[in-house]
There are 2 protein chains.
Amino acid sequence: MSLPNFVGVYFYSMDSKNRLAVPAKMRLAMGETRGMILSCGLEGCLSLYLGEAWRKLNARLEEAPLNNRMEQRAFKRMLYASACEVDFDDEGRILLPQHLADYAQMKREAAIIGVGEKIEIWAKERWSAYQKREARAFTRHASRLEI
Amino acid sequence: MSLPNFVGVYFYSMDSKNRLAVPAKMRLAMGETRGMILSCGLEGCLSLYLGEAWRKLNARLEEAPLNNRMEQRAFKRMLYASACEVDFDDEGRILLPQHLADYAQMKREAAIIGVGEKIEIWAKERWSAYQKREARAFTRHASRLEI
DNA sequence: TCACAATCCCCCACTTTTCCCCACTATGGC
DNA sequence: GCCATAGTGGGGAAAAGTGGGGGATTGTGA
């Protein structure tokens, strides 16, 4: 079985209870799979993984070439501690734990982005700024890759 | 049967009787399995193992590449002497023996962290300091590994 | 062997959080 | 224009975390 390939960007809002809807298209792409992991991502976003994608990621990390045991422990601790199991409520929303909402500087407005096997969640302003900043680089890369 | 994979960080408080709640999500992940081992962990935390995870750890120790036999015996003695069997009370709490609470410098506030097959218990300030100290290295590794 | 003390754990009560459920609105397709 | 679906919002029941009282058990010392 192959993992879904998420695409697209959606602008939804987080409510006062830290609930955030996941786009119906993405939910459908997941099929019956439940049990997702939400964790800190890079550049200040949050990453949402399906269980299987999370396991794949961990398998890769296990054989990562870190300098020593202590560093490896630290990395694993940080990654696991930042993560959290989430699930949909009956309306297809997930609940963002406060410490993750803080990490991503979430206000009301959020951008939800499909990035292949994972879904990223950004505070909208952060995403806008990032997008603006990266637009030029994108054009350069795209041109080189003949998209 | 496979062992549960614990994730997430929870900030709970230890009461005046050294009782500490284990997050409901983690308890559920354990299923019916009871009989856990609490022992000294590295970097000043406590490690909580399910019976099976403890046995696996011991198997690994037997074939550990320590410098010499004496060192191996010493480590094993320290680990075993510090360890102690714990169980849940009716509210899902475990009782921390005084010597382990001392070892981890536990005050009232605790951080409970899922780290794969084991659960770690930290004094909250210690965890915060550790996290702060390791944040930079974490980001570097995460970026390199494309999380 | 008994008395006493310390510890453990069961039980109850209270507070906070979570999540189920319902309702409303907006949007898009027919 | 209507209907179905999706996103948004909030009330309230249920669950989870916190705290303490008190009886049972264990261990110690006389």
# chains A, B, ... in the order shown; residues from 1 in each chain; ligands from 1
>>> calpha_fit_rmsd(fixed="chain B", moving="chain A")
0.7 Å
>>> closest_atom_pairs(of="chain B", to="chain A", cutoff="9 Å", atoms="only C-alpha atoms", output="JSON lines")
{"residue": "B:Phe6", "atom": "CA", "partner": "A:Tyr80", "partner_atom": "CA", "distance": 7.9}
{"residue": "B:Val7", "atom": "CA", "partner": "A:Tyr80", "partner_atom": "CA", "distance": 5.1}
{"residue": "B:Gly8", "atom": "CA", "partner": "A:Ala81", "partner_atom": "CA", "distance": 4.5}
{"residue": "B:Val9", "atom": "CA", "partner": "A:Ala81", "partner_atom": "CA", "distance": 4.9}
{"residue": "B:Tyr10", "atom": "CA", "partner": "A:Ala81", "partner_atom": "CA", "distance": 8.7}
{"residue": "B:Lys25", "atom": "CA", "partner": "A:Glu85", "partner_atom": "CA", "distance": 8.7}
{"residue": "B:Ile112", "atom": "CA", "partner": "A:Ala81", "partner_atom": "CA", "distance": 8.8}
{"residue": "B:Ile113", "atom": "CA", "partner": "A:Ala81", "partner_atom": "CA", "distance": 5.7}
{"residue": "B:Gly114", "atom": "CA", "partner": "A:Ala81", "partner_atom": "CA", "distance": 6.3}
{"residue": "B:Val115", "atom": "CA", "partner": "A:Tyr80", "partner_atom": "CA", "distance": 5.7}
{"residue": "B:Gly116", "atom": "CA", "partner": "A:Tyr80", "partner_atom": "CA", "distance": 7.4}
{"residue": "B:Tyr130", "atom": "CA", "partner": "A:Ala74", "partner_atom": "CA", "distance": 8.7}
{"residue": "B:Gln131", "atom": "CA", "partner": "A:Met78", "partner_atom": "CA", "distance": 7.1}
{"residue": "B:Glu134", "atom": "CA", "partner": "A:Ala74", "partner_atom": "CA", "distance": 6.9}
{"residue": "B:Ala135", "atom": "CA", "partner": "A:Met78", "partner_atom": "CA", "distance": 7.9}
{"residue": "B:Ala137", "atom": "CA", "partner": "A:Phe75", "partner_atom": "CA", "distance": 7.9}
{"residue": "B:Phe138", "atom": "CA", "partner": "A:Phe75", "partner_atom": "CA", "distance": 5.7}
{"residue": "B:Thr139", "atom": "CA", "partner": "A:Leu42", "partner_atom": "CA", "distance": 7.5}
{"residue": "B:His141", "atom": "CA", "partner": "A:Phe75", "partner_atom": "CA", "distance": 7.7}
{"residue": "B:Ala142", "atom": "CA", "partner": "A:Leu42", "partner_atom": "CA", "distance": 7.5}
{"residue": "B:Ser143", "atom": "CA", "partner": "A:Leu42", "partner_atom": "CA", "distance": 6.9}
{"residue": "B:Leu145", "atom": "CA", "partner": "A:Leu61", "partner_atom": "CA", "distance": 7.6}
{"residue": "B:Glu146", "atom": "CA", "partner": "A:Leu42", "partner_atom": "CA", "distance": 8.5}
{"residue": "B:Ile147", "atom": "CA", "partner": "A:Gly41", "partner_atom": "CA", "distance": 6.9}
>>> residues_around(residues="Thr33 of chain B", least_positions_apart="2", cutoff="9 Å", atoms="only C-alpha atoms (C1' of nucleotides)", output="PyMOL selection string")
chain B and resi 30-31+35-36+50-51
>>> interface_residues(of="chain D", to="chain B", cutoff="10 Å", atoms="only C-alpha atoms (C1' of nucleotides)", output="JSON, numbers by chain")
{"D": [15, 16, 17, 18, 19, 20]}
>>> write_last_selection(atoms="N, CA and C atoms (P, O5', C5', C4', C3', O3' and C1' of nucleotides)", output="compact mmCIF listing (two decimals), in the first residue's frame")
# COMPACT_ATOMS: atom_id res chain seq x y z
P DA D 15 -16.58 8.36 30.45
O5' DA D 15 -15.09 8.93 30.49
C5' DA D 15 -14.55 9.50 29.31
C4' DA D 15 -13.33 10.32 29.65
C3' DA D 15 -12.33 9.62 30.57
O3' DA D 15 -11.05 9.71 29.97
C1' DA D 15 -12.83 11.77 31.40
P DA D 16 -9.79 8.92 30.59
O5' DA D 16 -8.93 10.11 31.16
C5' DA D 16 -8.68 11.24 30.35
C4' DA D 16 -7.98 12.29 31.18
C3' DA D 16 -6.90 11.75 32.10
O3' DA D 16 -5.77 12.60 32.02
C1' DA D 16 -8.45 12.99 33.35
P DG D 17 -4.39 12.22 32.74
O5' DG D 17 -4.28 13.30 33.90
C5' DG D 17 -4.16 14.67 33.54
C4' DG D 17 -4.28 15.55 34.77
C3' DG D 17 -3.26 15.29 35.87
O3' DG D 17 -2.78 16.56 36.28
C1' DG D 17 -5.44 15.21 36.76
P DT D 18 -1.62 16.69 37.42
O5' DT D 18 -2.45 16.92 38.75
C5' DT D 18 -3.30 18.06 38.85
C4' DT D 18 -3.85 18.18 40.25
C3' DT D 18 -2.87 17.85 41.39
O3' DT D 18 -2.87 18.94 42.28
C1' DT D 18 -4.90 16.68 41.68
P DG D 19 -1.76 19.05 43.42
O5' DG D 19 -2.56 18.66 44.74
C5' DG D 19 -3.82 19.26 44.98
C4' DG D 19 -4.54 18.53 46.08
C3' DG D 19 -3.63 18.01 47.21
O3' DG D 19 -4.01 18.67 48.42
C1' DG D 19 -5.25 16.39 46.53
P DG D 20 -3.15 18.41 49.76
O5' DG D 20 -4.12 17.46 50.59
C5' DG D 20 -5.48 17.84 50.75
C4' DG D 20 -6.26 16.71 51.38
C3' DG D 20 -5.57 16.06 52.60
O3' DG D 20 -6.55 15.87 53.61
C1' DG D 20 -6.17 14.42 51.04
>>> interface_residues(of="chain B", to="chain C", cutoff="12 Å", atoms="only C-alpha atoms (C1' of nucleotides)", output="ChimeraX atom specification")
/B:17-19,24,87-91,93-97
>>> write_last_selection(atoms="N, CA, C and O atoms", output="PDB file, in the first residue's frame")
ATOM      1  N   LYS B  17       2.936  13.147  48.373  1.00  0.00           N
ATOM      2  CA  LYS B  17       3.224  11.734  48.660  1.00  0.00           C
ATOM      3  C   LYS B  17       4.085  11.084  47.580  1.00  0.00           C
ATOM      4  O   LYS B  17       4.137   9.855  47.482  1.00  0.00           O
ATOM      5  N   ASN B  18       4.715  11.900  46.760  1.00  0.00           N
ATOM      6  CA  ASN B  18       5.557  11.401  45.663  1.00  0.00           C
ATOM      7  C   ASN B  18       4.779  10.608  44.620  1.00  0.00           C
ATOM      8  O   ASN B  18       5.341   9.718  43.989  1.00  0.00           O
ATOM      9  N   ARG B  19       3.521  10.922  44.488  1.00  0.00           N
ATOM     10  CA  ARG B  19       2.749  10.248  43.448  1.00  0.00           C
ATOM     11  C   ARG B  19       2.747  11.092  42.182  1.00  0.00           C
ATOM     12  O   ARG B  19       2.644  12.313  42.242  1.00  0.00           O
ATOM     13  N   ALA B  24      -2.880   9.584  30.388  1.00  0.00           N
ATOM     14  CA  ALA B  24      -3.870   8.583  30.005  1.00  0.00           C
ATOM     15  C   ALA B  24      -3.544   7.985  28.636  1.00  0.00           C
ATOM     16  O   ALA B  24      -3.700   6.784  28.435  1.00  0.00           O
ATOM     17  N   ASP B  87       3.762   0.247  39.941  1.00  0.00           N
ATOM     18  CA  ASP B  87       2.452  -0.085  39.398  1.00  0.00           C
ATOM     19  C   ASP B  87       1.530   1.119  39.539  1.00  0.00           C
ATOM     20  O   ASP B  87       1.823   2.042  40.284  1.00  0.00           O
ATOM     21  N   PHE B  88       0.435   1.095  38.819  1.00  0.00           N
ATOM     22  CA  PHE B  88      -0.520   2.188  38.922  1.00  0.00           C
ATOM     23  C   PHE B  88      -1.429   2.012  40.124  1.00  0.00           C
ATOM     24  O   PHE B  88      -1.821   0.897  40.458  1.00  0.00           O
ATOM     25  N   ASP B  89      -1.772   3.124  40.753  1.00  0.00           N
ATOM     26  CA  ASP B  89      -2.887   3.061  41.705  1.00  0.00           C
ATOM     27  C   ASP B  89      -4.180   3.253  40.903  1.00  0.00           C
ATOM     28  O   ASP B  89      -4.150   3.303  39.672  1.00  0.00           O
ATOM     29  N   ASP B  90      -5.286   3.350  41.586  1.00  0.00           N
ATOM     30  CA  ASP B  90      -6.573   3.382  40.875  1.00  0.00           C
ATOM     31  C   ASP B  90      -6.759   4.619  40.016  1.00  0.00           C
ATOM     32  O   ASP B  90      -7.620   4.657  39.143  1.00  0.00           O
ATOM     33  N   GLU B  91      -5.934   5.639  40.253  1.00  0.00           N
ATOM     34  CA  GLU B  91      -6.059   6.863  39.469  1.00  0.00           C
ATOM     35  C   GLU B  91      -4.988   6.950  38.376  1.00  0.00           C
ATOM     36  O   GLU B  91      -4.811   8.003  37.782  1.00  0.00           O
ATOM     37  N   ARG B  93      -1.664   6.601  38.781  1.00  0.00           N
ATOM     38  CA  ARG B  93      -0.415   7.230  39.210  1.00  0.00           C
ATOM     39  C   ARG B  93       0.587   6.174  39.631  1.00  0.00           C
ATOM     40  O   ARG B  93       0.218   5.067  40.034  1.00  0.00           O
ATOM     41  N   ILE B  94       1.876   6.540  39.568  1.00  0.00           N
ATOM     42  CA  ILE B  94       2.909   5.677  40.139  1.00  0.00           C
ATOM     43  C   ILE B  94       3.538   6.407  41.321  1.00  0.00           C
ATOM     44  O   ILE B  94       3.456   7.629  41.429  1.00  0.00           O
ATOM     45  N   LEU B  95       4.139   5.617  42.183  1.00  0.00           N
ATOM     46  CA  LEU B  95       4.786   6.176  43.369  1.00  0.00           C
ATOM     47  C   LEU B  95       6.288   6.198  43.146  1.00  0.00           C
ATOM     48  O   LEU B  95       6.899   5.160  42.875  1.00  0.00           O
ATOM     49  N   LEU B  96       6.894   7.383  43.246  1.00  0.00           N
ATOM     50  CA  LEU B  96       8.340   7.488  43.048  1.00  0.00           C
ATOM     51  C   LEU B  96       9.058   7.261  44.374  1.00  0.00           C
ATOM     52  O   LEU B  96       8.856   8.032  45.308  1.00  0.00           O
ATOM     53  N   PRO B  97       9.898   6.231  44.469  1.00  0.00           N
ATOM     54  CA  PRO B  97      10.675   6.028  45.692  1.00  0.00           C
ATOM     55  C   PRO B  97      11.573   7.232  45.934  1.00  0.00           C
ATOM     56  O   PRO B  97      12.027   7.878  44.985  1.00  0.00           O
TER      57      PRO B  97
END
>>> atom_distance(atom1="atom CA of Val86 of chain B", atom2="atom CA of Met26 of chain B")
15.2 Å
>>> atom_distance(atom1="atom CA of Pro4 of chain B", atom2="atom CA of Ala59 of chain B")
18.7 Å
>>> select_by_dssp(residues="segment 7-145 of chain A", states="helix (DSSP H, G or I)", output="ChimeraX atom specification")
/A:24-30,42-44,51-62,69-82,98-103,124-145
>>> residues_around(residues="Gly44 of chain B", least_positions_apart="5", cutoff="10 Å", atoms="only C-alpha atoms (C1' of nucleotides)", output="PyMOL selection string")
chain B and resi 103-105+121-123+126-127
>>> write_last_selection(atoms="N, CA, C and O atoms", output="compact mmCIF listing (two decimals), in the first residue's frame")
# COMPACT_ATOMS: atom_id res chain seq x y z
N TYR B 103 17.46 11.39 43.02
CA TYR B 103 18.38 11.28 41.88
C TYR B 103 17.99 12.25 40.76
O TYR B 103 18.83 12.90 40.16
N ALA B 104 16.68 12.33 40.50
CA ALA B 104 16.21 13.18 39.40
C ALA B 104 15.96 14.61 39.85
O ALA B 104 15.49 15.43 39.07
N GLN B 105 16.28 14.89 41.11
CA GLN B 105 16.05 16.24 41.66
C GLN B 105 14.64 16.72 41.43
O GLN B 105 14.40 17.87 41.05
N ILE B 121 11.04 10.49 32.87
CA ILE B 121 10.49 11.43 33.84
C ILE B 121 11.59 12.39 34.25
O ILE B 121 12.64 11.96 34.72
N TRP B 122 11.34 13.67 34.07
CA TRP B 122 12.32 14.70 34.37
C TRP B 122 11.73 15.70 35.36
O TRP B 122 10.54 15.98 35.32
N ALA B 123 12.60 16.27 36.19
CA ALA B 123 12.21 17.49 36.90
C ALA B 123 12.04 18.55 35.82
O ALA B 123 12.85 18.66 34.92
N ARG B 126 14.93 20.87 34.93
CA ARG B 126 16.02 20.15 34.27
C ARG B 126 15.70 19.92 32.81
O ARG B 126 16.55 20.07 31.95
N TRP B 127 14.48 19.52 32.54
CA TRP B 127 14.08 19.27 31.16
C TRP B 127 14.14 20.55 30.34
O TRP B 127 14.65 20.56 29.22
